[in-house]
Every structure is written in structure tokens, then in C-alpha cells.
$ cat run.cif   # mmCIF, C-alpha atoms and all ligand atoms
data_final
#
loop_
_atom_site.label_atom_id
_atom_site.label_comp_id
_atom_site.auth_asym_id
_atom_site.auth_seq_id
_atom_site.Cartn_x
_atom_site.Cartn_y
_atom_site.Cartn_z
CA MET T 1 16.49 -36.95 6.90
CA THR T 2 18.61 -33.91 6.08
CA ILE T 3 17.44 -31.38 3.53
CA ASP T 4 20.23 -32.41 1.16
CA GLN T 5 19.19 -36.07 1.33
CA TYR T 6 15.56 -35.05 0.82
CA ALA T 7 16.19 -32.70 -2.11
CA ASP T 8 18.79 -34.80 -3.94
CA GLN T 9 17.65 -38.37 -3.24
CA TYR T 10 14.05 -38.52 -2.00
CA MET T 11 12.29 -35.66 -3.79
CA PRO T 12 13.00 -36.73 -7.42
CA SER T 13 10.63 -39.69 -6.94
CA MET T 14 7.73 -37.39 -6.02
CA GLY T 15 5.20 -35.81 -8.35
CA GLY T 16 5.34 -32.05 -8.80
CA TRP T 17 7.71 -29.27 -9.71
CA CYS T 18 9.86 -27.97 -6.87
CA SER T 19 13.56 -28.26 -7.83
CA ALA T 20 16.36 -29.32 -5.47
CA PRO T 21 17.89 -25.80 -5.34
CA LYS T 22 14.45 -24.33 -4.51
CA ALA T 23 13.80 -26.91 -1.76
CA LYS T 24 17.20 -26.14 -0.22
CA LYS T 25 16.68 -22.38 -0.43
CA ILE T 26 13.25 -22.62 1.22
CA HIS T 27 14.79 -24.71 3.99
CA GLN T 28 17.67 -22.23 4.40
CA TYR T 29 15.34 -19.24 4.83
CA ILE T 30 13.11 -20.98 7.35
CA VAL T 31 15.97 -22.33 9.48
CA GLN T 32 18.41 -19.41 9.30
CA ARG T 33 15.74 -16.77 9.98
CA GLY T 34 13.80 -18.91 12.45
CA LEU T 35 10.54 -18.58 10.49
CA LYS T 36 8.24 -20.64 12.65
CA ARG T 37 4.80 -20.18 11.13
CA SER T 38 4.62 -21.10 7.44
CA LEU T 39 1.83 -21.39 4.90
CA GLU T 40 1.86 -22.86 1.42
CA ILE T 41 -0.84 -22.23 -1.19
CA GLY T 42 -0.73 -25.09 -3.74
CA VAL T 43 0.69 -28.37 -2.43
CA PHE T 44 0.23 -30.95 -5.24
CA ALA T 45 2.24 -34.03 -4.06
CA GLY T 46 4.14 -32.04 -1.44
CA ARG T 47 7.59 -31.39 -2.91
CA SER T 48 8.00 -27.85 -1.56
CA LEU T 49 5.72 -28.51 1.43
CA CYS T 50 8.01 -31.30 2.69
CA ALA T 51 11.05 -29.02 2.41
CA MET T 52 9.14 -26.50 4.53
CA GLY T 53 8.17 -29.28 6.95
CA ILE T 54 11.72 -30.58 7.38
CA ALA T 55 12.88 -27.03 8.14
CA ALA T 56 10.00 -26.31 10.51
CA LYS T 57 10.63 -29.52 12.45
CA GLU T 58 14.26 -28.48 12.99
CA ILE T 59 13.24 -25.18 14.60
CA GLY T 60 10.06 -26.29 16.38
CA GLY T 61 7.79 -24.52 13.89
CA SER T 62 4.67 -25.52 11.99
CA VAL T 63 3.48 -25.56 8.39
CA THR T 64 0.04 -25.42 6.82
CA GLY T 65 -0.43 -26.50 3.21
CA ILE T 66 -3.63 -25.59 1.40
CA ASP T 67 -4.84 -27.39 -1.71
CA PRO T 68 -8.40 -28.48 -2.59
CA TYR T 69 -7.17 -31.24 -4.94
CA THR T 70 -10.00 -30.66 -7.42
CA TYR T 71 -10.12 -30.14 -11.16
CA GLN T 72 -12.61 -27.32 -10.65
CA ALA T 73 -10.11 -25.24 -8.65
CA ALA T 74 -7.10 -26.12 -10.80
CA ALA T 75 -8.92 -25.18 -14.02
CA ASP T 76 -10.56 -21.97 -12.77
CA ASP T 77 -9.77 -18.99 -15.06
CA GLU T 78 -7.17 -21.11 -16.90
CA ASN T 79 -6.63 -21.34 -20.67
CA GLN T 80 -7.75 -24.42 -22.58
CA THR T 81 -4.26 -25.98 -22.76
CA ASN T 82 -3.91 -25.85 -18.99
CA ARG T 83 -7.51 -26.99 -18.41
CA ASP T 84 -6.81 -30.05 -20.56
CA TRP T 85 -3.62 -30.79 -18.61
CA TRP T 86 -5.34 -30.52 -15.22
CA SER T 87 -8.29 -32.66 -16.43
CA LYS T 88 -6.11 -35.78 -16.73
CA LEU T 89 -5.09 -36.03 -13.06
CA ASN T 90 -6.29 -38.32 -10.29
CA TYR T 91 -6.60 -35.78 -7.48
CA GLU T 92 -7.41 -38.33 -4.77
CA GLU T 93 -4.20 -40.23 -5.56
CA ILE T 94 -2.12 -37.04 -5.45
CA TYR T 95 -3.62 -36.13 -2.06
CA LYS T 96 -2.87 -39.63 -0.74
CA GLU T 97 0.67 -39.39 -2.11
CA THR T 98 1.18 -36.16 -0.14
CA LEU T 99 0.04 -37.79 3.10
CA ARG T 100 2.34 -40.77 2.45
CA HIS T 101 5.32 -38.44 2.11
CA LEU T 102 4.48 -36.55 5.30
CA HIS T 103 4.37 -39.84 7.22
CA GLY T 104 7.41 -41.34 5.47
CA LEU T 105 9.47 -38.26 6.27
CA GLU T 106 8.08 -38.18 9.83
CA ILE T 107 6.85 -34.61 9.53
CA HIS T 108 3.12 -35.35 9.85
CA ASP T 109 3.07 -33.79 13.32
CA THR T 110 4.64 -30.60 11.95
CA VAL T 111 2.65 -30.21 8.72
CA TYR T 112 -1.11 -29.88 8.32
CA VAL T 113 -2.69 -30.23 4.88
CA GLY T 114 -6.11 -28.62 4.47
CA ARG T 115 -8.28 -29.47 1.51
CA TYR T 116 -9.55 -25.97 0.82
CA THR T 117 -9.20 -23.42 -1.91
CA SER T 118 -6.97 -20.62 -0.66
CA ARG T 119 -10.06 -18.39 -0.49
CA GLY T 120 -12.05 -21.05 1.36
CA TYR T 121 -9.31 -21.49 3.95
CA PHE T 122 -8.85 -17.74 4.41
CA HIS T 123 -12.54 -17.38 5.28
CA SER T 124 -12.77 -20.55 7.38
CA ASN T 125 -12.83 -20.63 11.17
CA LEU T 126 -9.64 -22.73 11.08
CA TYR T 127 -7.37 -19.92 9.98
CA PRO T 128 -5.95 -17.67 12.74
CA HIS T 129 -5.37 -14.41 10.86
CA GLY T 130 -2.06 -12.56 10.63
CA GLY T 131 1.47 -13.22 11.82
CA LEU T 132 2.72 -15.50 9.05
CA ASP T 133 6.52 -15.78 8.97
CA PHE T 134 6.89 -17.58 5.63
CA LEU T 135 4.46 -17.72 2.71
CA HIS T 136 4.84 -19.81 -0.44
CA ILE T 137 2.46 -18.81 -3.24
CA ASP T 138 2.21 -21.70 -5.70
CA GLY T 139 -1.51 -22.33 -6.28
CA ASN T 140 -3.61 -21.67 -9.38
CA HIS T 141 -1.44 -19.53 -11.70
CA SER T 142 -4.22 -17.79 -13.68
CA GLU T 143 -4.26 -14.00 -13.58
CA TRP T 144 -7.32 -13.77 -11.35
CA ASN T 145 -6.27 -16.45 -8.86
CA SER T 146 -2.58 -15.56 -8.58
CA THR T 147 -3.48 -11.89 -8.07
CA HIS T 148 -6.15 -12.81 -5.56
CA ASP T 149 -3.62 -14.94 -3.63
CA VAL T 150 -1.16 -12.04 -3.44
CA CYS T 151 -3.83 -9.54 -2.33
CA MET T 152 -5.33 -11.96 0.20
CA TRP T 153 -2.23 -13.57 1.71
CA VAL T 154 0.65 -11.09 1.51
CA PRO T 155 -1.00 -8.76 4.10
CA GLU T 156 -1.13 -11.78 6.42
CA VAL T 157 2.70 -11.95 6.52
CA ARG T 158 4.33 -10.01 9.35
CA GLN T 159 6.78 -7.23 8.58
CA GLY T 160 10.19 -8.81 7.82
CA GLY T 161 8.61 -12.16 6.97
CA VAL T 162 9.59 -13.97 3.78
CA ILE T 163 7.47 -14.67 0.70
CA CYS T 164 8.39 -17.14 -2.01
CA MET T 165 6.59 -16.84 -5.34
CA ASP T 166 6.79 -19.42 -8.08
CA ASP T 167 6.47 -19.10 -11.85
CA MET T 168 7.43 -15.45 -11.91
CA ASP T 169 8.01 -15.72 -15.66
CA TRP T 170 4.40 -16.63 -16.57
CA GLU T 171 2.41 -13.96 -18.41
CA SER T 172 -0.61 -14.79 -16.23
CA THR T 173 1.25 -13.97 -12.99
CA ALA T 174 2.40 -10.52 -14.19
CA THR T 175 -0.36 -8.63 -12.30
CA ALA T 176 0.33 -10.61 -9.12
CA ARG T 177 4.05 -9.84 -9.38
CA ARG T 178 3.42 -6.13 -9.87
CA LEU T 179 1.23 -5.96 -6.77
CA LEU T 180 3.62 -8.11 -4.71
CA ALA T 181 6.39 -5.61 -5.49
CA LYS T 182 4.34 -2.88 -3.76
CA GLN T 183 4.23 -4.85 -0.51
CA ALA T 184 7.53 -6.71 -0.43
CA GLN T 185 11.16 -6.15 -1.32
CA PHE T 186 12.83 -8.50 -3.79
CA LEU T 187 15.59 -10.55 -2.13
CA GLU T 188 16.83 -13.05 -4.72
CA PHE T 189 15.97 -15.69 -7.26
CA VAL T 190 16.54 -19.34 -6.33
CA ASP T 191 19.85 -19.21 -8.21
CA GLU T 192 21.37 -18.12 -11.49
CA THR T 193 19.60 -20.88 -13.40
CA GLU T 194 16.19 -20.56 -11.77
CA HIS T 195 14.79 -17.07 -12.26
CA ASN T 196 11.18 -18.21 -12.28
CA CYS T 197 11.06 -18.49 -8.50
CA ALA T 198 11.97 -15.61 -6.19
CA PHE T 199 12.10 -14.66 -2.52
CA PHE T 200 10.84 -11.36 -1.08
CA GLN T 201 10.80 -9.70 2.33
CA LYS T 202 7.53 -8.19 3.56
CA LEU T 203 7.74 -4.41 4.01
C1 LIG I 1 1.95 -25.81 -9.33
S1 LIG I 1 1.05 -26.90 -8.32
C2 LIG I 1 1.91 -26.83 -6.77
C3 LIG I 1 3.29 -27.44 -6.85
C4 LIG I 1 3.95 -27.80 -5.54
N1 LIG I 1 4.10 -26.65 -4.65
C5 LIG I 1 5.29 -28.48 -5.75
O1 LIG I 1 6.26 -28.18 -5.03
O2 LIG I 1 5.39 -29.37 -6.62
C6 LIG I 1 -0.40 -25.98 -8.03
C7 LIG I 1 -1.38 -26.59 -7.05
O3 LIG I 1 -2.33 -25.59 -6.72
C8 LIG I 1 -3.55 -26.21 -6.44
N2 LIG I 1 -4.63 -25.22 -6.52
C9 LIG I 1 -5.41 -24.89 -7.57
N3 LIG I 1 -6.29 -23.96 -7.23
C10 LIG I 1 -6.07 -23.68 -5.93
C11 LIG I 1 -6.69 -22.79 -4.99
N4 LIG I 1 -7.71 -21.99 -5.35
N5 LIG I 1 -6.21 -22.77 -3.73
C12 LIG I 1 -5.16 -23.58 -3.37
N6 LIG I 1 -4.56 -24.44 -4.21
C13 LIG I 1 -5.01 -24.47 -5.47
C14 LIG I 1 -3.64 -27.33 -7.46
O4 LIG I 1 -4.52 -28.35 -7.02
C15 LIG I 1 -2.18 -27.78 -7.56
O5 LIG I 1 -1.94 -28.92 -6.76
#

$ encode --input "run.cif" --output "C-alpha cells"
Amino acid sequence: MTIDQYADQYMPSMGGWCSAPKAKKIHQYIVQRGLKRSLEIGVFAGRSLCAMGIAAKEIGGSVTGIDPYTYQAAADDENQTNRDWWSKLNYEEIYKETLRHLHGLEIHDTVYVGRYTSRGYFHSNLYPHGGLDFLHIDGNHSEWNSTHDVCMWVPEVRQGGVICMDDMDWESTATARRLLAKQAQFLEFVDETEHNCAFFQKL
């Protein structure tokens, strides 16, 4: 399946948030710059992860997606409104939906999904440190967790690698954005209509 078919026809049936322009832009960066080793923090049903996977398959790369699929992680340091929203989900079903998409799109050999918190994966024996080419930060958006993700994962990206950060317009991600700007140069927003998601190049 091409990225246009995925983003315009397949992806709208999936749970989650990634827009078609964002999926296409992620794909474009990975393919055009040959970014072979990608990591996503925060998978949900796999909208952005599958865009990364389709791109990685085209260039012989690989993708790791990290998401614990638990209320505990999703609600950590969040406000009550968000805690209530995250409390209504069936996390096992969302995880299964992700795996179904990876198989349906025939990218299950390219994409690995690990059920860890980003911190848990970072400290696990599974993670080979350093040398990331593409990083998508889209996990827990609270101030503590988004800042922790930037401080923990951005140094893992190689110089010249690309970082995509979502929900740039949230008050809770302001600290994370400020610190990201010290380590990476702003490249562009997804497009004129989507200023909440931006791409950066690691300094
Ligand atoms: C905004 S959603 C991700 C959206 C997804 N990238 C998409 O394209 O639709 C955030 C996800 O982060 C996950 N999450 C929460 N805490 C996390 C943590 N500590 N580490 C990794 N993922 C986490 C949640 O379970 C949730 O699925």
C-alpha cells in the first residue's frame, strides 16, 4: 500500500489522532533522508506508527513503537479531565487493534511494538542505546512526562537525525518544547493548518 492510500483511505478507520498530512510528512522525511532506525513514544492504535512502518519498509529500515497500554501510565501527572478521558478506554483492545493493522499492512516484520513505558524501555536490556535516525515523541503529554521524554530520548538521536513532536500547542508541553529547542533546530510544522506538530533536526 502506498502512503497516500494509507493516509487517505486506510487510516481514517483507525483509532487515534495522526492526520493524513502528518502521516505523509513523516513518511517523506524517513524515505527522502533515508532514516533507517526509528522510534515512536506513544503508539495508541498505530496511526503514526504505521506511516513510519510503511516508510521504513521502503528503505529497508526498522521501527520500534513503545506504549504500555495502561491507564496508570496514560493518567500519570495528568489533570482530572484527561484522567477521566483515559479511564474509559479498553487498552487491551487498542493494543490488539495495533497488531491487526501491522499485519494487515504487512509491516509486522518491520515494526516492533513494545509494551513498556518510555522510561521502562529506555532502561531495559532490549534497547540498544544511541544512533536513532528518527524520533516521534507522542506519549503522555503531561509536563513531567513530556519533559522527561525530551530529556531522555533526544540525546539518543544522532546529529542530523529528525525529531517529530506532537501537540506543541499544549500548555503542559511548554517545558519540553523549550528544552527540545536547545538540542534541535526547528525545521517546519506539518503544514499551514497543522501547527501543533513540528519537525526538528538534531544539533
Ligand atoms: C496521543 S496518544 C498517541 C497517538 C498516536 N501516535 C497516533 O498516531 O494516533 C498517546 C499514547 O501514549 C501512551 N503513553 C502514555 N504514557 C506513556 C509512557 N510513559 N510511555 C509510552 N507511552 C505512553 C498512551 O497509552 C497513548 O496510547

$ closest_residue --input "run.cif" --among "T:Ile54, T:Trp144, T:Gln183, T:Glu97" --to "Ala75 in chain T" --atoms "only C-alpha atoms"
T:Trp144

$ closest_residue --input "run.cif" --among "T:Lys36, T:Arg47, T:His136, T:Lys88" --to "Phe199 in chain T" --atoms "all atoms listed in the file"
T:His136

$ atom_distance --input "run.cif" --atom1 "CA of Glu171 in chain T" --atom2 "CA of Glu92 in chain T"
29.6 Å

$ atom_distance --input "run.cif" --atom1 "CA of Cys50 in chain T" --atom2 "CA of Tyr69 in chain T"
17.0 Å

$ closest_residue --input "run.cif" --among "T:Ala176, T:Gly15, T:Ile3, T:Gly53" --to "His103 in chain T" --atoms "all atoms listed in the file"
T:Gly53

$ atom_distance --input "run.cif" --atom1 "CA of Leu89 in chain T" --atom2 "atom C1 of ligand LIG 1 (chain I)"
13.0 Å

$ closest_residue --input "run.cif" --among "T:Gly34, T:Pro68, T:Pro12, T:Gly161" --to "Tyr95 in chain T" --atoms "all atoms listed in the file"
T:Pro68

$ build_atoms --input "run.cif" --residues "range 151-185 of chain T" --atoms "N, CA and C atoms" --output "tab-separated table (two decimals), in the frame of the given file"
chain	number	residue	atom	x	y	z
T	151	CYS	N	-3.07	-10.57	-3.08
T	151	CYS	CA	-3.83	-9.54	-2.33
T	151	CYS	C	-4.37	-10.09	-1.00
T	152	MET	N	-4.73	-11.36	-1.00
T	152	MET	CA	-5.33	-11.96	0.20
T	152	MET	C	-4.26	-12.34	1.22
T	153	TRP	N	-3.16	-12.95	0.77
T	153	TRP	CA	-2.23	-13.57	1.71
T	153	TRP	C	-1.03	-12.71	2.08
T	154	VAL	N	-0.55	-11.87	1.18
T	154	VAL	CA	0.65	-11.09	1.51
T	154	VAL	C	0.41	-10.19	2.74
T	155	PRO	N	-0.77	-9.56	2.88
T	155	PRO	CA	-1.00	-8.76	4.10
T	155	PRO	C	-1.03	-9.59	5.38
T	156	GLU	N	-1.13	-10.90	5.24
T	156	GLU	CA	-1.13	-11.78	6.42
T	156	GLU	C	0.28	-12.06	6.93
T	157	VAL	N	1.30	-11.71	6.12
T	157	VAL	CA	2.70	-11.95	6.52
T	157	VAL	C	3.17	-10.78	7.38
T	158	ARG	N	3.83	-11.08	8.46
T	158	ARG	CA	4.33	-10.01	9.35
T	158	ARG	C	5.46	-9.24	8.66
T	159	GLN	N	5.68	-8.04	9.10
T	159	GLN	CA	6.78	-7.23	8.58
T	159	GLN	C	8.11	-7.98	8.77
T	160	GLY	N	8.92	-8.08	7.74
T	160	GLY	CA	10.19	-8.81	7.82
T	160	GLY	C	10.06	-10.28	7.48
T	161	GLY	N	8.83	-10.77	7.36
T	161	GLY	CA	8.61	-12.16	6.97
T	161	GLY	C	9.00	-12.39	5.52
T	162	VAL	N	9.09	-13.64	5.12
T	162	VAL	CA	9.59	-13.97	3.78
T	162	VAL	C	8.48	-14.58	2.93
T	163	ILE	N	8.46	-14.16	1.66
T	163	ILE	CA	7.47	-14.67	0.70
T	163	ILE	C	8.22	-15.28	-0.47
T	164	CYS	N	7.81	-16.48	-0.84
T	164	CYS	CA	8.39	-17.14	-2.01
T	164	CYS	C	7.30	-17.23	-3.07
T	165	MET	N	7.59	-16.76	-4.26
T	165	MET	CA	6.59	-16.84	-5.34
T	165	MET	C	7.15	-17.60	-6.52
T	166	ASP	N	6.34	-18.55	-7.00
T	166	ASP	CA	6.79	-19.42	-8.08
T	166	ASP	C	6.26	-18.92	-9.43
T	167	ASP	N	6.90	-19.39	-10.48
T	167	ASP	CA	6.47	-19.10	-11.85
T	167	ASP	C	6.30	-17.62	-12.11
T	168	MET	N	7.35	-16.90	-11.73
T	168	MET	CA	7.43	-15.45	-11.91
T	168	MET	C	7.48	-15.07	-13.40
T	169	ASP	N	7.84	-16.04	-14.25
T	169	ASP	CA	8.01	-15.72	-15.66
T	169	ASP	C	6.74	-15.99	-16.48
T	170	TRP	N	5.65	-16.39	-15.84
T	170	TRP	CA	4.40	-16.63	-16.57
T	170	TRP	C	3.72	-15.29	-16.86
T	171	GLU	N	3.16	-15.18	-18.06
T	171	GLU	CA	2.41	-13.96	-18.41
T	171	GLU	C	1.22	-13.78	-17.45
T	172	SER	N	0.60	-14.88	-17.07
T	172	SER	CA	-0.61	-14.79	-16.23
T	172	SER	C	-0.32	-14.33	-14.80
T	173	THR	N	0.94	-14.41	-14.36
T	173	THR	CA	1.25	-13.97	-12.99
T	173	THR	C	1.82	-12.54	-12.96
T	174	ALA	N	1.79	-11.86	-14.11
T	174	ALA	CA	2.40	-10.52	-14.19
T	174	ALA	C	1.70	-9.54	-13.23
T	175	THR	N	0.38	-9.55	-13.18
T	175	THR	CA	-0.36	-8.63	-12.30
T	175	THR	C	-0.03	-8.92	-10.84
T	176	ALA	N	0.00	-10.21	-10.50
T	176	ALA	CA	0.33	-10.61	-9.12
T	176	ALA	C	1.72	-10.12	-8.74
T	177	ARG	N	2.67	-10.26	-9.67
T	177	ARG	CA	4.05	-9.84	-9.38
T	177	ARG	C	4.14	-8.33	-9.16
T	178	ARG	N	3.40	-7.60	-9.99
T	178	ARG	CA	3.42	-6.13	-9.87
T	178	ARG	C	2.89	-5.71	-8.50
T	179	LEU	N	1.82	-6.34	-8.06
T	179	LEU	CA	1.23	-5.96	-6.77
T	179	LEU	C	2.10	-6.44	-5.61
T	180	LEU	N	2.72	-7.62	-5.76
T	180	LEU	CA	3.62	-8.11	-4.71
T	180	LEU	C	4.76	-7.13	-4.49
T	181	ALA	N	5.26	-6.55	-5.58
T	181	ALA	CA	6.39	-5.61	-5.49
T	181	ALA	C	6.04	-4.35	-4.70
T	182	LYS	N	4.75	-4.05	-4.55
T	182	LYS	CA	4.34	-2.88	-3.76
T	182	LYS	C	4.36	-3.17	-2.26
T	183	GLN	N	4.36	-4.45	-1.91
T	183	GLN	CA	4.23	-4.85	-0.51
T	183	GLN	C	5.46	-5.55	0.04
T	184	ALA	N	6.38	-5.91	-0.86
T	184	ALA	CA	7.53	-6.71	-0.43
T	184	ALA	C	8.75	-6.36	-1.27
T	185	GLN	N	9.91	-6.46	-0.64
T	185	GLN	CA	11.16	-6.15	-1.32
T	185	GLN	C	11.78	-7.42	-1.89
